[in-house]
Amino acid sequence: MATHAVEAVELVKTYPAGRKNPPLRALDGLTVSVGEGVVLGLLGPNGAGKSTTVKILTTLSRADSGTAVVAGYDVNRSPDQVRRSIGYVPQKSSSDPMATGLENLVLSGRIFGLSHQESLQRARELLERFGLREHGSRPVKTYSGGMQRKLDVALGLVHRPKVLFLDEPTTGLDPEARANLWNEVVRLSGQEGLTVLLTTHYLEEADRLAGQLAIVDHGRIVAEGTPEALKASLRGDSVHVELVDPDTDGTVRALLGQLPGIGEIVVEGNTLRARVDRGATAVPAVLGALEDKAIPVVAVTVSRPSLDDVYLQHTGRSFRVAEEAA
Amino acid sequence: MIAHTGLVFGRWMRASYRQPALIAFTLVQPAIWLLLFGQLFQGVVRLPGFGDSSYIAFLTPGIVMMTALMTSGWSGTSFVQDMERGVMDRMLASPVSRGGLMAGQLLSNATTTLIQTILVFAIGIAAGARYDGGIVGYLVTIVASMLVGTAFGSLSNAVALLTRQQEALIGISQFVSLPLTFMSSIMIDPTVAPHWVNVAARFNPVDWATIAARQSLAADPNWSSVWRHCLYLLAFTLIVGWLSTRAFRTYQRSV
Ligand SMILES: Nc1ncnc2c1ncn2[C@@H]1O[C@H](COP(=O)(O)OP(=O)(O)OP(=O)(O)O)[C@@H](O)[C@H]1O
Ligand SMILES: [Mg+2]
């Protein structure tokens, strides 16, 4: 059945001009939908509009135009019903630092209408599940960043929401904590049928966790599909050329651009990345051309398209470069 | 809304008893004002035109209101902290009642005011202030001080929601509370104050509270004036309380 837990159509959001900045169109006709029980990853560079999308879908903010239906309710017409059906984990830590982990969870449960007993039981259960059992009675301000992030996710789950919004849930977590959180999200969506919309900066996270991916850039979805489908949609292979010296004057780029069967080329410092029709024929041609001009090379590698290539293709930037610019 | 008010109130009360240094500061500050101003202006009592024979008795209810005003100016800082983290955003995307979110915090603010008021009275009486009015006088003073705390606390919360900055909030609340303190009968009897101060004081909610308190503590209170000023104060509190709850919407439009 093609029921959608989240359906956003043509969302537009403009932030008014500030003292120094002109008005800013954060969302420019963004359309996205998430099937029930699906984990959708929103991937995109800084400022692409990921958090803005999440804020509109969680009723925190309001779109200038466009419609959004979450868990069967319109975010503008029935915000209260939407709020009852969702869990929201903001990008910033959302626990009260003066309260203990347990108090945070219990308060959240009670706000959603659970009794004190129910909230307490649920809070203990979540502390246990997120490995915070021994820390439940300590004030949150004494937690490490990773512990706080786990508590944030737990706070979004107290009332057993139908749809969970995670805004960069694993930023700042160590690899082990990140893997634990992934397992938890996979378990929730698999066993409990939870729908998850998460934004992320990690391609690996998107690849591992998301059944569906949507790449956002400049306030619009520029590509969507399963990670496999997105990779498969890129024809050919990807060739990486690592030079000894950076290609500052663009000669290498121009040189490779003339070769047959080579698609767009991106330069990042010492490396050039090119999309090619067939890796097997491109590599000798590239090496030959470089040798002719006596340009020293460290390595030339060829690979099947990765999510990084998908990202590059659609946003015009490599993911790694976008990250470093941030 | 009532259930949510209780929950939010509980949160802030737990947070404040975990900050003993802050509690100590909020209690020591009014004590210092009372003793300092008491000493400073003692001579004023001998000026012609002063009705009260004991300046400390005159000053105590004034300091009660000044304390309520000054303390509530800080109220919004807790909202700013919630906005700096994601707490406010999480709350506003939950079914929590906006009124409860505001009222619960104001109630904990009013509880601080209540404790401060009792303390200021205790010090005032220890320093020699005597009141002829009965228990009703004290009750009126307590209620009036809590209304001052609530009204200005909600204004502070509204400014917090609109500016979202600690510095702006503190600046604005200092800018507002000093004139409100001095354009009133908190420290100086209106009969010796310049005319324009008396005119300004007529529109000053802190002065309404001071008048209501002082009159209700007197031997033969002018009850109609007491109730009239209390009523003004209540109306003012309800209006600013309602307006500041609307400020959540303005905040949500800017996130
Ligand atoms: N409250 C705000 N006021 C003004 N502009 C804003 C506000 N929030 C976001 N913006 C702007 O809107 C654009 C989109 O921001 P958004 O937070 O949605 O990006 P993002 O994709 O979540 O980025 P990041 O990966 O850095 O979290 C950015 O250019 C940002 O500067
Ligand atoms: Mg973001």
# chains A, B, ... in the order shown; residues from 1 in each chain; ligands from 1
>>> residues_near_ligand(ligand="ligand 1", cutoff="6 Å", atoms="only C-alpha atoms and all ligand atoms", output="PyMOL selection string")
(chain A and resi 15+26+45-52) or (chain B and resi 254-255)
>>> write_last_selection(atoms="N, CA and C atoms", output="PDB file, in the first residue's frame")
ATOM      1  N   TYR A  15      13.319  33.464   4.665  1.00  0.00           N
ATOM      2  CA  TYR A  15      13.600  34.175   5.905  1.00  0.00           C
ATOM      3  C   TYR A  15      13.730  35.651   5.596  1.00  0.00           C
ATOM      4  N   ALA A  26      15.170  29.873   1.834  1.00  0.00           N
ATOM      5  CA  ALA A  26      15.765  28.635   2.360  1.00  0.00           C
ATOM      6  C   ALA A  26      15.173  27.414   1.664  1.00  0.00           C
ATOM      7  N   PRO A  45      24.427  19.790   1.398  1.00  0.00           N
ATOM      8  CA  PRO A  45      25.473  20.634   1.976  1.00  0.00           C
ATOM      9  C   PRO A  45      24.919  21.570   3.043  1.00  0.00           C
ATOM     10  N   ASN A  46      25.795  22.242   3.756  1.00  0.00           N
ATOM     11  CA  ASN A  46      25.371  23.212   4.766  1.00  0.00           C
ATOM     12  C   ASN A  46      24.485  24.273   4.129  1.00  0.00           C
ATOM     13  N   GLY A  47      23.417  24.596   4.832  1.00  0.00           N
ATOM     14  CA  GLY A  47      22.536  25.649   4.345  1.00  0.00           C
ATOM     15  C   GLY A  47      21.626  25.222   3.220  1.00  0.00           C
ATOM     16  N   ALA A  48      21.565  23.923   2.924  1.00  0.00           N
ATOM     17  CA  ALA A  48      20.738  23.448   1.818  1.00  0.00           C
ATOM     18  C   ALA A  48      19.247  23.570   2.124  1.00  0.00           C
ATOM     19  N   GLY A  49      18.901  23.574   3.410  1.00  0.00           N
ATOM     20  CA  GLY A  49      17.502  23.662   3.792  1.00  0.00           C
ATOM     21  C   GLY A  49      16.983  22.417   4.494  1.00  0.00           C
ATOM     22  N   LYS A  50      17.877  21.577   4.971  1.00  0.00           N
ATOM     23  CA  LYS A  50      17.455  20.339   5.641  1.00  0.00           C
ATOM     24  C   LYS A  50      16.718  20.646   6.952  1.00  0.00           C
ATOM     25  N   SER A  51      17.376  21.434   7.796  1.00  0.00           N
ATOM     26  CA  SER A  51      16.741  21.741   9.082  1.00  0.00           C
ATOM     27  C   SER A  51      15.450  22.520   8.882  1.00  0.00           C
ATOM     28  N   THR A  52      15.443  23.418   7.919  1.00  0.00           N
ATOM     29  CA  THR A  52      14.232  24.191   7.657  1.00  0.00           C
ATOM     30  C   THR A  52      13.081  23.256   7.288  1.00  0.00           C
TER      31      THR A  52
ATOM     32  N   SER B 254      10.220  33.116  13.420  1.00  0.00           N
ATOM     33  CA  SER B 254      11.605  33.491  13.112  1.00  0.00           C
ATOM     34  C   SER B 254      12.575  32.313  13.145  1.00  0.00           C
ATOM     35  N   VAL B 255      12.107  31.123  13.515  1.00  0.00           N
ATOM     36  CA  VAL B 255      13.071  30.003  13.542  1.00  0.00           C
ATOM     37  C   VAL B 255      13.182  29.334  12.182  1.00  0.00           C
TER      38      VAL B 255
END
>>> interface_residues(of="chain B", to="chain A", cutoff="10 Å", atoms="only C-alpha atoms", output="PyMOL selection string")
chain B and resi 3-4+7-8+10-12+14-16+18-19+81-97+249+251-255
>>> closest_residue(among="A:Ala179, A:Val6, A:Leu256, A:Leu230", to="A:Ala289", atoms="only C-alpha atoms")
A:Leu256
>>> atom_distance(atom1="atom CA of B:Leu169", atom2="atom CA of A:Thr142")
27.4 Å
>>> atom_distance(atom1="atom CA of A:Val241", atom2="atom CA of A:Asp309")
14.6 Å
>>> residues_around(residues="B:Ala31", least_positions_apart="2", cutoff="10 Å", atoms="only C-alpha atoms", output="list in words")
Phe25, Thr26, Leu27, Val28, Gln29, Trp33, Leu34, Leu35, Leu36, Ile63, Val64, Thr67, Gln116, Leu119, Val120, Phe121, Ala122, Ile123 and Gly124 of chain B
>>> residues_around(residues="stretch 173-177 of chain A", least_positions_apart="4", cutoff="10 Å", atoms="only C-alpha atoms", output="PyMOL selection string")
chain A and resi 130-131+144-150+169+181-183
>>> write_last_selection(atoms="C-alpha atoms", output="PDB file, in the first residue's frame")
ATOM      1  CA  PHE A 130      20.488   3.812  25.114  1.00  0.00           C
ATOM      2  CA  GLY A 131      23.061   2.650  27.625  1.00  0.00           C
ATOM      3  CA  SER A 144      29.364  13.980  27.685  1.00  0.00           C
ATOM      4  CA  GLY A 145      28.272  15.261  24.280  1.00  0.00           C
ATOM      5  CA  GLY A 146      27.621  11.735  23.058  1.00  0.00           C
ATOM      6  CA  MET A 147      25.523  10.868  26.105  1.00  0.00           C
ATOM      7  CA  GLN A 148      23.487  14.039  25.627  1.00  0.00           C
ATOM      8  CA  ARG A 149      22.849  13.150  22.009  1.00  0.00           C
ATOM      9  CA  LYS A 150      21.594   9.702  22.977  1.00  0.00           C
ATOM     10  CA  PRO A 169      21.390  12.665  15.146  1.00  0.00           C
ATOM     11  CA  LEU A 181      22.247   4.456  17.236  1.00  0.00           C
ATOM     12  CA  TRP A 182      21.976   3.136  13.687  1.00  0.00           C
ATOM     13  CA  ASN A 183      21.048  -0.285  15.049  1.00  0.00           C
TER      14      ASN A 183
END
>>> closest_residue(among="A:Arg19, A:Arg208, A:Arg273, A:His4", to="A:Val69", atoms="only C-alpha atoms")
A:His4
>>> select_by_dssp(residues="stretch 143-191 of chain B", states="helix (DSSP H, G or I)", output="MDAnalysis selection string")
chainID B and resid 143:163 166:182 190:191
>>> residues_around(residues="B:Pro190", least_positions_apart="5", cutoff="10 Å", atoms="only C-alpha atoms", output="list in words")
Gly49, Phe50, Met183, Ser184, Ser185, His195, Val197, Asn198, Val199 and Ala201 of chain B
>>> write_last_selection(atoms="N, CA, C and O atoms", output="mmCIF file, in the first residue's frame")
data_model
loop_
_atom_site.group_PDB
_atom_site.id
_atom_site.type_symbol
_atom_site.label_atom_id
_atom_site.label_comp_id
_atom_site.auth_asym_id
_atom_site.auth_seq_id
_atom_site.Cartn_x
_atom_site.Cartn_y
_atom_site.Cartn_z
ATOM 1 N N GLY B 49 6.717 67.210 55.655
ATOM 2 C CA GLY B 49 5.917 66.614 54.590
ATOM 3 C C GLY B 49 5.879 65.101 54.663
ATOM 4 O O GLY B 49 5.051 64.464 54.027
ATOM 5 N N PHE B 50 6.775 64.501 55.429
ATOM 6 C CA PHE B 50 6.755 63.042 55.539
ATOM 7 C C PHE B 50 5.762 62.615 56.605
ATOM 8 O O PHE B 50 5.842 63.023 57.750
ATOM 9 N N MET B 183 10.596 56.511 39.402
ATOM 10 C CA MET B 183 9.371 57.285 39.177
ATOM 11 C C MET B 183 8.220 56.621 39.907
ATOM 12 O O MET B 183 7.250 56.162 39.307
ATOM 13 N N SER B 184 8.374 56.534 41.205
ATOM 14 C CA SER B 184 7.354 55.892 42.023
ATOM 15 C C SER B 184 7.564 56.353 43.446
ATOM 16 O O SER B 184 8.496 57.104 43.741
ATOM 17 N N SER B 185 6.715 55.883 44.321
ATOM 18 C CA SER B 185 6.856 56.254 45.728
ATOM 19 C C SER B 185 7.610 55.181 46.502
ATOM 20 O O SER B 185 7.469 55.075 47.712
ATOM 21 N N HIS B 195 6.533 67.254 40.948
ATOM 22 C CA HIS B 195 5.201 67.004 40.401
ATOM 23 C C HIS B 195 5.214 65.990 39.261
ATOM 24 O O HIS B 195 4.422 65.065 39.207
ATOM 25 N N VAL B 197 7.151 63.591 38.661
ATOM 26 C CA VAL B 197 7.341 62.211 39.118
ATOM 27 C C VAL B 197 5.999 61.625 39.553
ATOM 28 O O VAL B 197 5.652 60.482 39.234
ATOM 29 N N ASN B 198 5.225 62.445 40.248
ATOM 30 C CA ASN B 198 3.923 61.955 40.696
ATOM 31 C C ASN B 198 3.008 61.643 39.524
ATOM 32 O O ASN B 198 2.237 60.676 39.560
ATOM 33 N N VAL B 199 3.110 62.473 38.496
ATOM 34 C CA VAL B 199 2.279 62.225 37.312
ATOM 35 C C VAL B 199 2.694 60.904 36.662
ATOM 36 O O VAL B 199 1.872 60.057 36.338
ATOM 37 N N ALA B 201 4.220 58.461 38.040
ATOM 38 C CA ALA B 201 3.947 57.327 38.924
ATOM 39 C C ALA B 201 2.524 56.816 38.777
ATOM 40 O O ALA B 201 2.251 55.644 39.002
#
>>> residues_around(residues="B:Pro179", least_positions_apart="3", cutoff="12 Å", atoms="only C-alpha atoms", output="list in words")
Met66, Leu69, Met70, Ile172, Ser173, Gln174, Phe175, Val176, Phe182, Met183, Ser184, Ser185, Ile186, Val197, Ala200, Ala201, Asn204, Pro205, Val206 and Asp207 of chain B
>>> closest_residue(among="A:Asp167, A:Glu134, A:Glu36, A:Asp245", to="ligand 2", atoms="only C-alpha atoms and all ligand atoms")
A:Asp167
>>> atom_distance(atom1="atom CA of A:Gly18", atom2="atom CA of B:Ala168")
16.2 Å
>>> select_by_dssp(residues="stretch 59-165 of chain A", states="strand (DSSP E or B)", output="ChimeraX atom specification")
/A:65-70,73-74,86-89,100,139,163-165
>>> write_last_selection(atoms="N, CA, C and O atoms", output="compact mmCIF listing (two decimals), in the first residue's frame")
# COMPACT_ATOMS: atom_id res chain seq x y z
N SER A 65 4.44 28.94 1.53
CA SER A 65 3.44 28.29 0.68
C SER A 65 3.81 26.83 0.54
O SER A 65 4.88 26.40 0.94
N GLY A 66 2.88 26.07 -0.03
CA GLY A 66 3.07 24.63 -0.12
C GLY A 66 2.28 23.93 0.97
O GLY A 66 1.79 24.58 1.91
N THR A 67 2.15 22.62 0.85
CA THR A 67 1.39 21.87 1.85
C THR A 67 2.24 20.74 2.40
O THR A 67 3.14 20.25 1.73
N ALA A 68 1.92 20.36 3.62
CA ALA A 68 2.63 19.22 4.21
C ALA A 68 1.66 18.44 5.07
O ALA A 68 0.92 19.02 5.87
N VAL A 69 1.64 17.13 4.87
CA VAL A 69 0.80 16.25 5.67
C VAL A 69 1.72 15.27 6.37
O VAL A 69 2.57 14.64 5.75
N VAL A 70 1.59 15.22 7.70
CA VAL A 70 2.43 14.33 8.49
C VAL A 70 1.52 13.43 9.33
O VAL A 70 0.63 13.93 10.01
N TYR A 73 -2.12 14.19 9.06
CA TYR A 73 -2.66 15.51 9.42
C TYR A 73 -1.90 16.62 8.73
O TYR A 73 -0.68 16.56 8.61
N ASP A 74 -2.64 17.65 8.36
CA ASP A 74 -2.04 18.81 7.72
C ASP A 74 -1.33 19.66 8.79
O ASP A 74 -1.92 19.97 9.82
N ILE A 86 4.31 12.85 16.43
CA ILE A 86 5.72 12.86 16.00
C ILE A 86 6.69 12.97 17.18
O ILE A 86 6.31 13.39 18.27
N GLY A 87 7.92 12.57 16.92
CA GLY A 87 9.01 12.87 17.82
C GLY A 87 9.98 13.76 17.07
O GLY A 87 10.19 13.56 15.88
N TYR A 88 10.54 14.75 17.76
CA TYR A 88 11.44 15.70 17.08
C TYR A 88 12.74 15.80 17.87
O TYR A 88 12.74 16.16 19.03
N VAL A 89 13.83 15.47 17.21
CA VAL A 89 15.15 15.63 17.81
C VAL A 89 15.86 16.74 17.05
O VAL A 89 16.34 16.54 15.94
N THR A 100 17.89 15.95 35.60
CA THR A 100 18.56 14.67 35.35
C THR A 100 18.00 14.05 34.08
O THR A 100 16.96 14.48 33.57
N PRO A 139 22.48 15.08 36.73
CA PRO A 139 22.04 16.20 35.89
C PRO A 139 22.69 16.09 34.50
O PRO A 139 23.84 15.69 34.39
N VAL A 163 5.99 9.03 13.66
CA VAL A 163 7.02 9.53 12.76
C VAL A 163 8.10 10.21 13.60
O VAL A 163 7.78 11.01 14.49
N LEU A 164 9.34 9.86 13.34
CA LEU A 164 10.43 10.45 14.10
C LEU A 164 11.29 11.32 13.19
O LEU A 164 11.69 10.89 12.11
N PHE A 165 11.55 12.56 13.62
CA PHE A 165 12.41 13.46 12.86
C PHE A 165 13.74 13.59 13.60
O PHE A 165 13.76 14.00 14.75
>>> residues_around(residues="A:Leu198", least_positions_apart="4", cutoff="9 Å", atoms="only C-alpha atoms", output="list in words")
Val39, Leu40, Gly41, Leu42, Leu43, Val54, Leu164, Phe165, Leu166, Asp167, Glu168, Pro169, Ala206 and Ala210 of chain A
>>> write_last_selection(atoms="all heavy atoms", output="CSV table (one decimal), in the first residue's frame")
chain,number,residue,atom,x,y,z
A,39,VAL,N,12.8,4.6,6.3
A,39,VAL,CA,13.8,5.6,6.8
A,39,VAL,C,14.3,6.4,5.7
A,39,VAL,O,14.9,5.9,4.7
A,39,VAL,CB,15.0,4.9,7.5
A,39,VAL,CG1,16.0,5.9,8.0
A,39,VAL,CG2,14.6,4.0,8.6
A,40,LEU,N,14.0,7.7,5.7
A,40,LEU,CA,14.4,8.6,4.6
A,40,LEU,C,15.6,9.4,5.1
A,40,LEU,O,15.5,10.1,6.1
A,40,LEU,CB,13.3,9.4,4.1
A,40,LEU,CG,13.8,10.5,3.0
A,40,LEU,CD1,13.3,10.1,1.7
A,40,LEU,CD2,13.4,11.9,3.4
A,41,GLY,N,16.6,9.5,4.3
A,41,GLY,CA,17.8,10.3,4.6
A,41,GLY,C,17.7,11.6,3.8
A,41,GLY,O,17.7,11.5,2.6
A,42,LEU,N,17.8,12.7,4.4
A,42,LEU,CA,17.9,14.0,3.7
A,42,LEU,C,19.4,14.4,3.7
A,42,LEU,O,19.9,14.6,4.8
A,42,LEU,CB,17.1,15.1,4.4
A,42,LEU,CG,15.7,15.4,4.1
A,42,LEU,CD1,15.3,16.7,4.7
A,42,LEU,CD2,15.4,15.4,2.6
A,43,LEU,N,20.0,14.4,2.5
A,43,LEU,CA,21.4,14.7,2.5
A,43,LEU,C,21.6,16.0,1.7
A,43,LEU,O,20.9,16.2,0.8
A,43,LEU,CB,22.0,13.5,1.7
A,43,LEU,CG,23.5,13.2,1.7
A,43,LEU,CD1,23.9,12.9,3.1
A,43,LEU,CD2,23.7,12.0,0.8
A,54,VAL,N,12.7,20.1,8.2
A,54,VAL,CA,12.3,19.4,9.4
A,54,VAL,C,11.5,20.3,10.3
A,54,VAL,O,10.4,19.9,10.8
A,54,VAL,CB,13.5,18.9,10.1
A,54,VAL,CG1,13.2,18.3,11.5
A,54,VAL,CG2,14.2,17.8,9.3
A,164,LEU,N,9.3,9.9,13.3
A,164,LEU,CA,10.4,10.5,14.1
A,164,LEU,C,11.3,11.3,13.2
A,164,LEU,O,11.7,10.9,12.1
A,164,LEU,CB,11.3,9.3,14.7
A,164,LEU,CG,12.5,9.8,15.5
A,164,LEU,CD1,12.1,10.5,16.8
A,164,LEU,CD2,13.3,8.5,15.9
A,165,PHE,N,11.5,12.6,13.6
A,165,PHE,CA,12.4,13.5,12.9
A,165,PHE,C,13.7,13.6,13.6
A,165,PHE,O,13.8,14.0,14.8
A,165,PHE,CB,11.8,14.8,12.7
A,165,PHE,CG,10.5,14.8,11.9
A,165,PHE,CD1,9.3,14.6,12.4
A,165,PHE,CD2,10.6,15.0,10.5
A,165,PHE,CE1,8.2,14.6,11.6
A,165,PHE,CE2,9.5,15.0,9.7
A,165,PHE,CZ,8.3,14.8,10.3
A,166,LEU,N,14.8,13.2,12.9
A,166,LEU,CA,16.1,13.3,13.5
A,166,LEU,C,17.0,14.3,12.7
A,166,LEU,O,17.3,14.0,11.6
A,166,LEU,CB,16.8,11.9,13.5
A,166,LEU,CG,16.1,10.8,14.2
A,166,LEU,CD1,16.8,9.5,13.9
A,166,LEU,CD2,16.2,11.0,15.7
A,167,ASP,N,17.3,15.4,13.3
A,167,ASP,CA,18.1,16.4,12.6
A,167,ASP,C,19.6,16.2,13.0
A,167,ASP,O,20.0,16.6,14.1
A,167,ASP,CB,17.7,17.8,13.0
A,167,ASP,CG,18.1,18.8,11.9
A,167,ASP,OD1,19.0,18.5,11.1
A,167,ASP,OD2,17.6,20.0,11.9
A,168,GLU,N,20.4,15.6,12.2
A,168,GLU,CA,21.8,15.2,12.4
A,168,GLU,C,22.0,14.5,13.7
A,168,GLU,O,22.7,15.0,14.6
A,168,GLU,CB,22.6,16.5,12.3
A,168,GLU,CG,22.6,17.1,10.9
A,168,GLU,CD,23.6,18.2,10.7
A,168,GLU,OE1,24.5,18.3,11.5
A,168,GLU,OE2,23.4,18.9,9.8
A,169,PRO,N,21.4,13.3,13.8
A,169,PRO,CA,21.4,12.7,15.1
A,169,PRO,C,22.8,12.2,15.6
A,169,PRO,O,23.0,12.1,16.8
A,169,PRO,CB,20.5,11.5,14.9
A,169,PRO,CG,20.5,11.2,13.5
A,169,PRO,CD,20.6,12.6,12.8
A,206,ALA,N,24.0,7.7,5.6
A,206,ALA,CA,22.9,7.6,4.6
A,206,ALA,C,22.8,6.3,3.9
A,206,ALA,O,21.8,5.7,3.7
A,206,ALA,CB,23.1,8.8,3.6
A,210,ALA,N,19.5,4.6,5.5
A,210,ALA,CA,18.3,5.1,4.8
A,210,ALA,C,17.9,4.1,3.7
A,210,ALA,O,18.7,3.7,2.9
A,210,ALA,CB,18.6,6.5,4.2
>>> closest_residue(among="B:Met65, B:Ala151, B:Ser54, B:Arg98", to="B:Thr210", atoms="only C-alpha atoms")
B:Met65
